[in-house]
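Chemist: Data: target-v2.tsv, TSV, C-alpha atoms.
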chain	number	residue	atom	x	y	z
A	1	MET	CA	18.26	-7.21	-55.57
A	2	ILE	CA	20.25	-4.05	-55.51
A	3	THR	CA	22.83	-3.30	-52.89
A	4	MET	CA	23.19	0.37	-52.18
A	5	ALA	CA	26.19	1.94	-50.51
A	6	GLY	CA	25.70	2.05	-46.78
A	7	THR	CA	23.26	-0.80	-46.50
A	8	LEU	CA	23.69	-4.50	-45.93
A	9	ASP	CA	22.48	-7.08	-48.35
A	10	PHE	CA	19.06	-8.47	-47.70
A	11	LEU	CA	20.84	-11.70	-46.86
A	12	SER	CA	24.17	-11.02	-45.26
A	13	VAL	CA	26.23	-12.80	-42.67
A	14	ASN	CA	28.55	-10.84	-40.41
A	15	VAL	CA	30.25	-12.55	-37.51
A	16	TRP	CA	30.38	-9.34	-35.48
A	17	HIS	CA	26.67	-8.82	-35.90
A	18	ILE	CA	25.99	-12.40	-34.85
A	19	LEU	CA	28.14	-11.94	-31.77
A	20	MET	CA	26.42	-8.65	-31.01
A	21	ALA	CA	23.00	-10.33	-31.28
A	22	ILE	CA	24.13	-12.98	-28.78
A	23	GLY	CA	25.65	-10.32	-26.55
A	24	ASN	CA	22.52	-8.20	-26.67
A	25	LEU	CA	20.42	-11.22	-25.71
A	26	LEU	CA	22.69	-12.04	-22.76
A	27	ILE	CA	22.73	-8.41	-21.64
A	28	LEU	CA	18.93	-8.36	-21.73
A	29	VAL	CA	18.92	-11.53	-19.60
A	30	LEU	CA	20.94	-9.67	-16.98
A	31	ILE	CA	18.72	-6.59	-17.28
A	32	LEU	CA	15.55	-8.64	-16.79
A	33	LYS	CA	17.12	-10.48	-13.87
A	34	LYS	CA	18.15	-7.26	-12.18
A	35	PHE	CA	15.12	-5.10	-12.91
A	36	LEU	CA	12.27	-7.61	-13.01
A	37	PHE	CA	12.92	-11.10	-11.66
A	38	LYS	CA	15.11	-10.37	-8.64
A	39	PRO	CA	12.92	-7.59	-7.17
A	40	VAL	CA	9.66	-9.43	-7.81
A	41	GLN	CA	10.97	-12.75	-6.50
A	42	LYS	CA	12.34	-10.96	-3.45
A	43	ILE	CA	9.00	-9.38	-2.73
A	44	LEU	CA	7.18	-12.69	-3.33
A	45	LYS	CA	9.54	-14.40	-0.89
A	46	GLU	CA	8.96	-11.67	1.67
A	47	ARG	CA	5.23	-12.01	1.23
A	48	GLU	CA	5.47	-15.77	1.67
A	49	ASP	CA	7.50	-15.27	4.84
A	50	GLU	CA	5.00	-12.74	6.14
A	51	ILE	CA	2.07	-15.04	5.45
A	52	GLY	CA	3.92	-17.91	7.13
A	53	LYS	CA	4.61	-15.68	10.11
A	54	THR	CA	0.97	-14.60	10.26
A	55	TYR	CA	-0.13	-18.21	10.25
A	56	SER	CA	2.31	-19.26	12.95
A	57	ASP	CA	1.34	-16.22	15.03
A	58	ALA	CA	-2.31	-17.12	14.67
A	59	ASP	CA	-1.58	-20.72	15.69
A	60	LYS	CA	0.41	-19.50	18.65
A	61	ALA	CA	-2.31	-17.09	19.73
A	62	LEU	CA	-4.91	-19.83	19.37
A	63	SER	CA	-2.96	-22.30	21.48
A	64	GLU	CA	-2.33	-19.59	24.07
A	65	ALA	CA	-6.01	-18.72	24.15
A	66	ASN	CA	-6.87	-22.40	24.54
A	67	ALA	CA	-4.42	-22.77	27.40
A	68	GLU	CA	-5.84	-19.70	29.13
A	69	LYS	CA	-9.36	-20.94	28.57
A	70	GLU	CA	-8.43	-24.24	30.18
A	71	LEU	CA	-6.83	-22.39	33.08
A	72	TYR	CA	-9.94	-20.27	33.61
A	73	GLN	CA	-12.19	-23.30	33.33
A	74	LYS	CA	-10.10	-25.01	35.98
A	75	LYS	CA	-10.23	-21.95	38.21
A	76	LEU	CA	-13.97	-21.74	37.72
A	77	ASP	CA	-14.37	-25.40	38.61
A	78	ASP	CA	-12.18	-24.91	41.67
A	79	ALA	CA	-14.23	-21.92	42.78
A	80	LYS	CA	-17.44	-23.88	42.27
A	81	SER	CA	-16.26	-26.84	44.31
A	82	GLU	CA	-14.94	-24.49	46.98
A	83	ALA	CA	-18.28	-22.72	47.17
A	84	ASP	CA	-20.01	-26.08	47.38
A	85	SER	CA	-17.75	-27.23	50.22
A	86	LEU	CA	-18.22	-23.88	51.99
A	87	ILE	CA	-21.98	-24.20	51.82
A	88	LYS	CA	-21.79	-27.79	52.92
A	89	THR	CA	-19.60	-27.08	55.95
A	90	ALA	CA	-21.68	-24.05	56.84
A	91	SER	CA	-24.89	-26.01	56.73
A	92	GLU	CA	-23.28	-28.84	58.67
A	93	ARG	CA	-22.06	-26.43	61.29
A	94	ALA	CA	-25.47	-24.80	61.46
A	95	LYS	CA	-27.05	-28.20	61.95
A	96	ALA	CA	-24.56	-29.08	64.66
A	97	GLU	CA	-25.08	-25.75	66.36
A	98	SER	CA	-28.82	-26.03	66.26
A	99	ALA	CA	-28.60	-29.52	67.72
A	100	GLU	CA	-26.31	-28.22	70.41
A	101	ILE	CA	-28.64	-25.35	71.20
A	102	ILE	CA	-31.61	-27.66	71.36
A	103	SER	CA	-29.81	-30.11	73.62
A	104	ALA	CA	-28.62	-27.24	75.82
A	105	ALA	CA	-32.15	-25.94	76.05
A	106	LYS	CA	-33.34	-29.42	76.90
A	107	THR	CA	-30.80	-29.87	79.70
A	108	GLU	CA	-31.58	-26.41	80.99
A	109	ALA	CA	-35.24	-27.20	81.03
A	110	GLU	CA	-34.48	-30.50	82.74
A	111	ARG	CA	-32.33	-28.73	85.29
A	112	ARG	CA	-35.03	-26.19	85.96
A	113	ARG	CA	-37.65	-28.84	86.34
A	114	LYS	CA	-35.37	-30.69	88.74
A	115	ASN	CA	-34.82	-27.49	90.75
A	116	ALA	CA	-38.51	-26.90	90.86
A	117	ASP	CA	-39.07	-30.46	92.08
A	118	GLU	CA	-36.44	-30.02	94.74
A	119	ASP	CA	-37.99	-26.74	95.81
A	120	ILE	CA	-41.35	-28.36	96.06
A	121	GLU	CA	-39.91	-31.22	98.06
A	122	LEU	CA	-38.10	-28.76	100.28
A	123	ALA	CA	-41.24	-26.73	100.78
A	124	LYS	CA	-43.12	-29.92	101.58
A	125	LYS	CA	-40.51	-30.93	104.10
A	126	LYS	CA	-40.51	-27.48	105.57
A	127	ALA	CA	-44.28	-27.45	105.79
A	128	ALA	CA	-44.26	-30.86	107.43
A	129	GLU	CA	-41.66	-29.75	109.91
A	130	GLU	CA	-43.55	-26.61	110.63
A	131	MET	CA	-46.65	-28.64	111.08
A	132	ARG	CA	-44.86	-31.03	113.37
A	133	ASP	CA	-43.49	-28.11	115.33
A	134	SER	CA	-46.83	-26.41	115.66
A	135	ILE	CA	-48.49	-29.72	116.65
A	136	SER	CA	-45.91	-30.43	119.25
A	137	GLU	CA	-46.22	-26.88	120.53
A	138	MET	CA	-49.89	-27.24	120.63
A	139	VAL	CA	-49.62	-30.58	122.44
A	140	ILE	CA	-47.21	-29.05	124.88
A	141	SER	CA	-49.41	-26.06	125.51
A	142	LEU	CA	-52.34	-28.38	125.78
A	143	ALA	CA	-50.46	-30.49	128.26
A	144	GLU	CA	-49.57	-27.38	130.22
A	145	GLN	CA	-53.13	-26.32	130.25
A	146	VAL	CA	-54.09	-29.80	131.43
A	147	VAL	CA	-51.52	-29.73	134.14
A	148	GLU	CA	-52.18	-26.22	135.41
A	149	LYS	CA	-55.94	-26.22	135.23
A	150	GLU	CA	-58.38	-28.70	136.36
A	151	ILE	CA	-60.58	-29.09	133.63
A	152	ASP	CA	-63.64	-31.13	133.11
A	153	GLN	CA	-64.62	-33.45	130.54
A	154	LYS	CA	-66.44	-30.73	128.81
A	155	SER	CA	-63.52	-28.36	128.80
A	156	HIS	CA	-61.40	-31.24	127.50
A	157	ALA	CA	-63.56	-31.75	124.67
A	158	SER	CA	-63.72	-28.10	123.82
A	159	LEU	CA	-59.96	-27.87	124.09
A	160	ILE	CA	-59.54	-30.72	121.73
A	161	ASP	CA	-61.99	-29.18	119.33
A	162	ASP	CA	-60.13	-25.89	119.51
A	163	ALA	CA	-56.88	-27.67	118.83
A	164	ILE	CA	-58.30	-29.46	115.87
A	165	GLU	CA	-59.86	-26.30	114.61
A	166	SER	CA	-56.56	-24.52	114.92
A	167	LEU	CA	-54.97	-27.40	113.04
A	168	GLY	CA	-57.45	-27.04	110.33
A	169	GLU	CA	-56.44	-23.47	109.78
B	1	MET	CA	9.89	1.08	-61.66
B	2	GLN	CA	12.43	0.02	-59.10
B	3	ILE	CA	11.67	-1.76	-55.85
B	4	ASP	CA	14.58	-1.96	-53.45
B	5	VAL	CA	14.59	-4.60	-50.75
B	6	THR	CA	17.74	-4.21	-48.73
B	7	GLY	CA	19.11	-5.06	-45.33
B	8	ALA	CA	19.83	-2.74	-42.46
B	9	LYS	CA	21.44	0.63	-43.06
B	10	ILE	CA	25.01	0.93	-41.82
B	11	LEU	CA	25.11	3.76	-39.34
B	12	PHE	CA	28.68	3.70	-37.98
B	13	GLU	CA	31.92	2.12	-39.02
B	14	LEU	CA	34.24	1.09	-36.22
B	15	PRO	CA	37.84	-0.20	-36.46
B	16	PHE	CA	38.49	-3.87	-37.36
B	17	GLY	CA	35.67	-3.78	-39.86
B	18	ILE	CA	32.97	-3.69	-37.22
B	19	THR	CA	29.87	-1.95	-38.44
B	20	ILE	CA	26.93	-0.74	-36.43
B	21	THR	CA	23.73	-0.98	-38.37
B	22	GLU	CA	20.09	-0.22	-37.74
B	23	THR	CA	19.78	-3.79	-36.43
B	24	GLN	CA	22.05	-3.13	-33.48
B	25	VAL	CA	20.76	0.36	-32.75
B	26	ASN	CA	17.12	-0.67	-32.91
B	27	MET	CA	17.82	-3.67	-30.71
B	28	TRP	CA	19.47	-1.40	-28.18
B	29	ILE	CA	16.43	0.87	-28.32
B	30	VAL	CA	14.21	-2.17	-27.66
B	31	MET	CA	16.48	-3.30	-24.81
B	32	ALA	CA	16.52	0.17	-23.27
B	33	ALA	CA	12.72	0.35	-23.51
B	34	ILE	CA	12.34	-3.08	-21.89
B	35	ALA	CA	14.81	-2.14	-19.15
B	36	ALA	CA	13.04	1.16	-18.49
B	37	PHE	CA	9.66	-0.56	-18.45
B	38	CYS	CA	10.89	-3.19	-15.99
B	39	ALA	CA	12.55	-0.61	-13.76
B	40	TRP	CA	9.35	1.43	-13.79
B	41	LEU	CA	7.25	-1.67	-13.01
B	42	THR	CA	9.36	-2.80	-10.10
B	43	HIS	CA	10.25	0.44	-8.34
B	44	GLY	CA	8.75	0.75	-4.89
B	45	LEU	CA	7.49	-2.80	-4.59
B	46	LYS	CA	5.56	-3.50	-1.39
B	47	VAL	CA	4.98	-6.77	0.42
B	48	ARG	CA	1.32	-5.80	0.37
B	49	PRO	CA	0.83	-4.51	-3.16
B	50	GLU	CA	-0.73	-1.08	-3.49
B	51	SER	CA	-0.13	-0.30	-7.16
B	52	LYS	CA	-1.33	-1.81	-10.40
B	53	ARG	CA	2.29	-1.65	-11.57
B	54	GLN	CA	3.29	-4.21	-8.97
B	55	ILE	CA	0.44	-6.52	-9.88
B	56	VAL	CA	1.48	-6.34	-13.54
B	57	ALA	CA	5.13	-7.01	-12.59
B	58	GLU	CA	4.16	-10.02	-10.46
B	59	PHE	CA	1.84	-11.26	-13.18
B	60	LEU	CA	4.62	-11.06	-15.78
B	61	VAL	CA	7.09	-12.92	-13.57
B	62	LYS	CA	4.55	-15.58	-12.61
B	63	THR	CA	3.44	-16.07	-16.20
B	64	ALA	CA	7.02	-16.39	-17.43
B	65	GLU	CA	7.85	-18.87	-14.66
B	66	ASN	CA	4.74	-20.93	-15.37
B	67	PHE	CA	5.53	-20.83	-19.10
B	68	VAL	CA	9.04	-22.19	-18.53
B	69	THR	CA	8.26	-24.70	-15.77
B	70	GLY	CA	5.18	-25.89	-17.66
B	71	ASN	CA	7.28	-26.74	-20.73
B	72	MET	CA	10.56	-27.76	-19.12
B	73	GLY	CA	9.73	-28.88	-15.59
B	74	LYS	CA	10.14	-27.35	-12.14
B	75	ARG	CA	13.93	-27.69	-12.02
B	76	TRP	CA	14.30	-25.29	-14.95
B	77	LYS	CA	12.78	-22.36	-13.07
B	78	TRP	CA	16.16	-20.60	-13.04
B	79	PHE	CA	16.06	-20.62	-16.85
B	80	THR	CA	13.07	-18.24	-16.90
B	81	PRO	CA	15.04	-14.96	-17.35
B	82	TYR	CA	16.71	-16.31	-20.49
B	83	ILE	CA	13.42	-17.32	-22.09
B	84	ALA	CA	11.79	-14.07	-20.95
B	85	ALA	CA	14.65	-12.07	-22.46
B	86	LEU	CA	14.55	-14.09	-25.69
B	87	PHE	CA	10.80	-13.75	-26.00
B	88	SER	CA	10.61	-10.04	-25.20
B	89	LEU	CA	13.58	-9.17	-27.40
B	90	ALA	CA	12.29	-11.22	-30.34
B	91	MET	CA	8.74	-9.94	-30.00
B	92	PHE	CA	9.52	-6.24	-29.61
B	93	SER	CA	12.27	-6.41	-32.25
B	94	SER	CA	9.56	-7.54	-34.66
B	95	LEU	CA	6.88	-5.16	-33.36
B	96	ILE	CA	9.22	-2.18	-33.73
B	97	SER	CA	8.36	-2.28	-37.44
B	98	LEU	CA	4.96	-0.87	-36.45
B	99	LEU	CA	6.79	2.36	-35.65
B	100	GLY	CA	8.29	2.37	-39.14
B	101	MET	CA	11.69	1.30	-37.83
B	102	TYR	CA	13.80	-1.50	-39.19
B	103	PRO	CA	12.98	-4.72	-37.31
B	104	PRO	CA	16.23	-6.35	-36.05
B	105	THR	CA	14.65	-9.80	-36.46
B	106	SER	CA	14.57	-9.30	-40.23
B	107	ASP	CA	18.37	-9.30	-40.11
B	108	LEU	CA	19.60	-12.88	-40.50
B	109	ASN	CA	22.57	-12.18	-38.21
B	110	THR	CA	20.21	-11.60	-35.29
B	111	THR	CA	18.24	-14.79	-35.65
B	112	VAL	CA	21.38	-16.79	-36.43
B	113	GLY	CA	22.97	-15.44	-33.24
B	114	TRP	CA	20.01	-16.48	-31.12
B	115	ALA	CA	19.78	-19.88	-32.83
B	116	ILE	CA	23.50	-20.42	-32.16
B	117	MET	CA	22.83	-19.71	-28.47
B	118	THR	CA	20.10	-22.35	-28.50
B	119	PHE	CA	22.42	-24.76	-30.31
B	120	ILE	CA	25.19	-24.16	-27.77
B	121	LEU	CA	22.76	-24.81	-24.90
B	122	ILE	CA	21.36	-27.96	-26.54
B	123	THR	CA	24.84	-29.36	-27.16
B	124	PHE	CA	26.02	-28.34	-23.69
B	125	TYR	CA	23.16	-30.17	-21.99
B	126	LYS	CA	23.55	-33.23	-24.25
B	127	ILE	CA	27.24	-33.45	-23.32
B	128	LYS	CA	26.51	-32.70	-19.67
B	129	THR	CA	23.91	-35.46	-19.50
B	130	ASN	CA	25.61	-38.13	-21.57
B	131	GLY	CA	29.30	-37.18	-21.26
B	132	VAL	CA	31.52	-36.30	-24.19
B	133	LEU	CA	31.86	-39.93	-25.24
B	134	GLY	CA	28.18	-40.58	-24.89
B	135	TYR	CA	27.43	-37.55	-27.05
B	136	ALA	CA	29.96	-38.60	-29.68
B	137	LYS	CA	28.64	-42.15	-29.60
B	138	GLY	CA	25.11	-40.85	-30.01
B	139	LEU	CA	26.14	-39.28	-33.31
B	140	THR	CA	27.29	-42.65	-34.70
B	141	GLU	CA	24.03	-44.40	-34.02
B	142	PRO	CA	22.33	-46.46	-35.23
B	143	ILE	CA	25.30	-47.30	-37.52
B	144	PHE	CA	28.59	-45.55	-38.13
B	145	VAL	CA	27.81	-44.43	-41.65
B	146	MET	CA	24.93	-42.34	-40.33
B	147	THR	CA	27.36	-39.96	-38.58
B	148	PRO	CA	27.35	-37.25	-41.29
B	149	MET	CA	23.56	-37.39	-41.32
B	150	ASN	CA	23.39	-37.03	-37.55
B	151	ILE	CA	25.76	-34.07	-37.57
B	152	LEU	CA	23.68	-32.49	-40.29
B	153	GLY	CA	20.60	-33.11	-38.15
B	154	GLU	CA	22.20	-31.38	-35.19
B	155	ILE	CA	23.08	-28.35	-37.28
B	156	ALA	CA	19.71	-28.32	-39.03
B	157	THR	CA	18.01	-27.44	-35.76
B	158	PRO	CA	19.52	-23.96	-35.29
B	159	VAL	CA	19.56	-23.28	-39.03
B	160	SER	CA	15.87	-24.01	-39.35
B	161	MET	CA	15.09	-21.91	-36.26
B	162	ALA	CA	17.11	-18.97	-37.53
B	163	PHE	CA	15.65	-19.04	-41.01
B	164	ARG	CA	12.11	-19.57	-39.78
B	165	MET	CA	12.12	-16.39	-37.78
B	166	PHE	CA	14.16	-14.39	-40.25
B	167	GLY	CA	11.99	-15.54	-43.14
B	168	ASN	CA	8.73	-14.69	-41.44
B	169	VAL	CA	9.72	-11.19	-40.38
B	170	ALA	CA	11.76	-10.32	-43.48
B	171	SER	CA	9.09	-11.64	-45.81
B	172	GLY	CA	6.64	-9.33	-44.06
B	173	THR	CA	8.92	-6.42	-44.92
B	174	VAL	CA	9.24	-7.62	-48.52
B	175	VAL	CA	5.52	-8.13	-48.92
B	176	SER	CA	4.86	-4.71	-47.40
B	177	ALA	CA	7.31	-3.06	-49.81
B	178	LEU	CA	5.79	-4.87	-52.78
B	179	LEU	CA	2.30	-3.97	-51.68
B	180	TYR	CA	3.18	-0.29	-51.28
B	181	ALA	CA	4.68	-0.27	-54.77
B	182	ALA	CA	1.69	-2.04	-56.22
B	183	LEU	CA	-0.75	0.28	-54.50
B	184	ALA	CA	1.21	3.31	-55.68
B	185	ALA	CA	0.97	2.06	-59.25
B	186	LEU	CA	-2.72	1.38	-58.82
B	187	ASN	CA	-3.17	4.82	-57.29
B	188	ASN	CA	-1.60	6.43	-60.33
B	189	ALA	CA	-3.72	4.31	-62.64
B	190	VAL	CA	-6.95	5.12	-60.84
B	191	PHE	CA	-6.48	8.83	-60.14
B	192	GLY	CA	-3.84	9.82	-62.69
B	193	TRP	CA	-6.29	10.17	-65.63
B	194	LEU	CA	-8.29	12.88	-63.84
B	195	PRO	CA	-8.04	16.18	-65.73
B	196	GLY	CA	-5.79	19.04	-64.78
B	197	ILE	CA	-4.79	19.66	-61.22
B	198	LEU	CA	-6.97	16.86	-59.90
B	199	GLY	CA	-4.82	14.32	-61.78
B	200	GLU	CA	-1.61	15.74	-60.38
B	201	MET	CA	-3.01	15.68	-56.86
B	202	GLY	CA	-4.37	12.18	-57.34
B	203	GLU	CA	-0.99	10.93	-58.42
B	204	LYS	CA	0.77	12.46	-55.45
B	205	LEU	CA	-1.72	11.69	-52.68
B	206	PRO	CA	-1.28	8.10	-51.45
B	207	ILE	CA	-4.99	7.47	-51.24
B	208	LEU	CA	-5.00	3.71	-51.78
B	209	GLN	CA	-1.90	3.24	-49.65
B	210	LEU	CA	-3.83	4.58	-46.65
B	211	GLY	CA	-5.84	1.66	-45.30
B	212	ILE	CA	-4.99	-1.58	-47.04
B	213	PRO	CA	-1.39	-2.02	-45.79
B	214	ALA	CA	-2.60	-1.65	-42.21
B	215	VAL	CA	-4.60	-4.87	-42.50
B	216	LEU	CA	-1.63	-6.80	-43.87
B	217	SER	CA	0.65	-5.23	-41.28
B	218	LEU	CA	-1.66	-6.60	-38.61
B	219	TYR	CA	-0.69	-10.07	-39.78
B	220	PHE	CA	2.95	-9.57	-40.80
B	221	ASP	CA	4.03	-7.27	-38.01
B	222	VAL	CA	1.81	-8.06	-35.03
B	223	PHE	CA	0.62	-11.63	-35.40
B	224	SER	CA	3.68	-13.04	-37.10
B	225	GLY	CA	6.09	-11.16	-34.83
B	226	VAL	CA	4.47	-12.46	-31.65
B	227	LEU	CA	3.96	-15.96	-33.06
B	228	GLN	CA	7.56	-16.31	-34.27
B	229	ALA	CA	8.91	-15.12	-30.91
B	230	PHE	CA	6.67	-17.66	-29.20
B	231	ILE	CA	7.72	-20.47	-31.54
B	232	PHE	CA	11.41	-19.65	-31.13
B	233	CYS	CA	11.08	-19.77	-27.33
B	234	MET	CA	9.01	-22.96	-27.38
B	235	LEU	CA	11.53	-24.74	-29.60
B	236	THR	CA	14.44	-23.52	-27.47
B	237	MET	CA	12.77	-24.79	-24.29
B	238	LEU	CA	11.71	-28.12	-25.72
B	239	TYR	CA	15.06	-28.87	-27.37
B	240	ILE	CA	17.03	-27.96	-24.25
B	241	ALA	CA	14.73	-29.84	-21.88
B	242	SER	CA	14.85	-32.98	-24.03
B	243	ALA	CA	18.63	-32.64	-24.43
B	244	ALA	CA	18.97	-32.63	-20.63
B	245	GLU	CA	16.59	-35.54	-20.19
B	246	ALA	CA	17.75	-37.86	-23.00
B	247	SER	CA	20.25	-39.60	-20.77
B	248	ASP	CA	20.06	-42.96	-22.51
Translate this structure into structure tokens?
Modeler:
Amino acid sequence: MITMAGTLDFLSVNVWHILMAIGNLLILVLILKKFLFKPVQKILKEREDEIGKTYSDADKALSEANAEKELYQKKLDDAKSEADSLIKTASERAKAESAEIISAAKTEAERRRKNADEDIELAKKKAAEEMRDSISEMVISLAEQVVEKEIDQKSHASLIDDAIESLGE
Amino acid sequence: MQIDVTGAKILFELPFGITITETQVNMWIVMAAIAAFCAWLTHGLKVRPESKRQIVAEFLVKTAENFVTGNMGKRWKWFTPYIAALFSLAMFSSLISLLGMYPPTSDLNTTVGWAIMTFILITFYKIKTNGVLGYAKGLTEPIFVMTPMNILGEIATPVSMAFRMFGNVASGTVVSALLYAALAALNNAVFGWLPGILGEMGEKLPILQLGIPAVLSLYFDVFSGVLQAFIFCMLTMLYIASAAEASD
């Protein structure tokens, strides 16, 4: 093995060179930390945070949607039951009204029938009174005729027949 | 015929006998390239990725984290940058030989430095887990006379790591140099006898050196470089993790 000027031996030990090798290694550790590991780890952390945030947002949105859905379901149910009760009361009222109308009509009819009966009775009474009046008149006139004129049996009979005939009219 | 196998060229001489060689300069080039690559990968990152760059950056980080936590456990996730730096520096320091540059990992000082770091970390975690007394007591077990052996065993770990990596990368350089020399000789032998100008051209043109070294370089530079970086990182992780766990 030949050592030339300006070169190291193939096998040489130099404390400075050893220290420089260690120093170079440690410097490269810092370089890699600064230029590779720190930035990449930072970005990975940020991505993790963002994904976590996305998940929590999604969960939140889902729970909100569920709550709203429940609210709307409840409102829908309320509206349905309200509509049902409305229909029910309306139909009940209609039934009551119809019953009222029918009963009113019935009483009216009853009243009218009663009036008619009363009228008939009144007319009957009136007719009877009139008849009584006309009979009494006739009897009176008949009596007058009997008193003023002397009439025979024959004229009696004819008078009576006339009276009866006039009654029959 | 002379074949020279030497270490790194000395490029600068600083005061106090400090020299800057190809090892340091090439390692700085590798570090600058890695830093530039990382900065390019991670500029303009978005929470919702739009570029392939970002996907590559995230893939690299995730892979490194899985590599470390898979071998050492979840609580060692913070250790990832060290292993990533060790792996990338070791791998590209070996692969730089593909560009015809001197690979810093074929300098023993480099691998010894990194192995010393591993040794420091192993010892630190052994002492942290067991206490100073526990660590010292561990060296005297099972019987007191074994203490020198145990100390030797502790030191053998970084030494073997350093020499394993250095040997693999440096031997690749040596084998490449030998192969080039051998092929040059063979080239001369095969083409040199041609008459006249053809012989002169045949001797000068590196015809045989053209394809064959590429195949060997695929093993020595690419495969071995990546494998040794991987092994160095694996051993570092496993030794440190077991040092931190071996509480009793």
Chemist: Near chain B, meaning an atom within 6 Å, which residues of chain A appear when counting only C-alpha atoms? Write them as an MDAnalysis selection string.
Modeler: chainID A and resid 6:10 13 17:18 21:22 28:29 35:36 43 47
Chemist: What's the separation between CA of Asn187 in chain B and CA of Ser171 in chain B, in Å to one decimal place?
Modeler: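 Taking CA of Asn187 in chain B and CA of Ser171 in chain B, their separation equals 23.5 Å.
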Chemist: Nearest to Lys126 in chain B among B:Leu216, B:Ile240, B:Ile29, B:Ala189, with distances taken over only C-alpha atoms: which residue is it?
Modeler: B:Ile240
Chemist: Where's the centre, and what are the edge lengths in Å to one decimal, of a box along x, y and z enclosing all listed atoms of range 56-74 of chain B padded 5 Å per side, as JSON?
Modeler:
{"center_x": 6.0, "center_y": -17.6, "center_z": -15.6, "size_x": 19.1, "size_y": 32.5, "size_z": 20.3}
Chemist: Report, in Å to a single decimal, how far apart CA of Ile96 in chain B and CA of Thr157 in chain B are.
Modeler: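 The value is 26.8 Å.
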Chemist: One decimal, in Å: what's the spacing between CA of Gly23 in chain A and CA of Ala33 in chain B?
Modeler: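 Taking CA of Gly23 in chain A and CA of Ala33 in chain B, their separation equals 17.0 Å.
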Chemist: Using all atoms listed in the file, which residues sit within 7 Å of Gly225 in chain B once same-chain residues fewer than 3 positions away are excluded, as a VMD selection string?
Modeler: chain B and resid 91 94 to 95 169 220 to 222 228 to 229
Chemist: So, with only C-alpha atoms as the atoms that count, which of B:Leu205, B:Leu218, B:Ala244, B:Met234 lies closest to Gly172 in chain B?
Modeler: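 Nearest candidate to Gly172 in chain B out of B:Leu205, B:Leu218, B:Ala244, B:Met234: B:Leu218.
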Chemist: Counting all atoms listed in the file, I want the residues whose atoms come within 8 Å of (-53.2, -25.0, 117.4) in the file frame, returned as a short mmCIF file (atom, residue, chain, number, x, y, z; two decimals) with C-alpha atoms, keeping the file's coordinate frame.
Modeler:
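What follows is the written file result_5.cif:
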data_model
loop_
_atom_site.label_atom_id
_atom_site.label_comp_id
_atom_site.auth_asym_id
_atom_site.auth_seq_id
_atom_site.Cartn_x
_atom_site.Cartn_y
_atom_site.Cartn_z
CA SER A 134 -46.83 -26.41 115.66
CA ILE A 135 -48.49 -29.72 116.65
CA GLU A 137 -46.22 -26.88 120.53
CA MET A 138 -49.89 -27.24 120.63
CA ASP A 162 -60.13 -25.89 119.51
CA ALA A 163 -56.88 -27.67 118.83
CA ILE A 164 -58.30 -29.46 115.87
CA GLU A 165 -59.86 -26.30 114.61
CA SER A 166 -56.56 -24.52 114.92
CA LEU A 167 -54.97 -27.40 113.04
#
Chemist: I'd like to know which of B:Met146, B:Asn26, B:Pro15, B:Trp78 is closest to Lys38 in chain A, using all atoms listed in the file.
Modeler: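 Looking at the shortest contact to Lys38 in chain A, the residue is B:Trp78.
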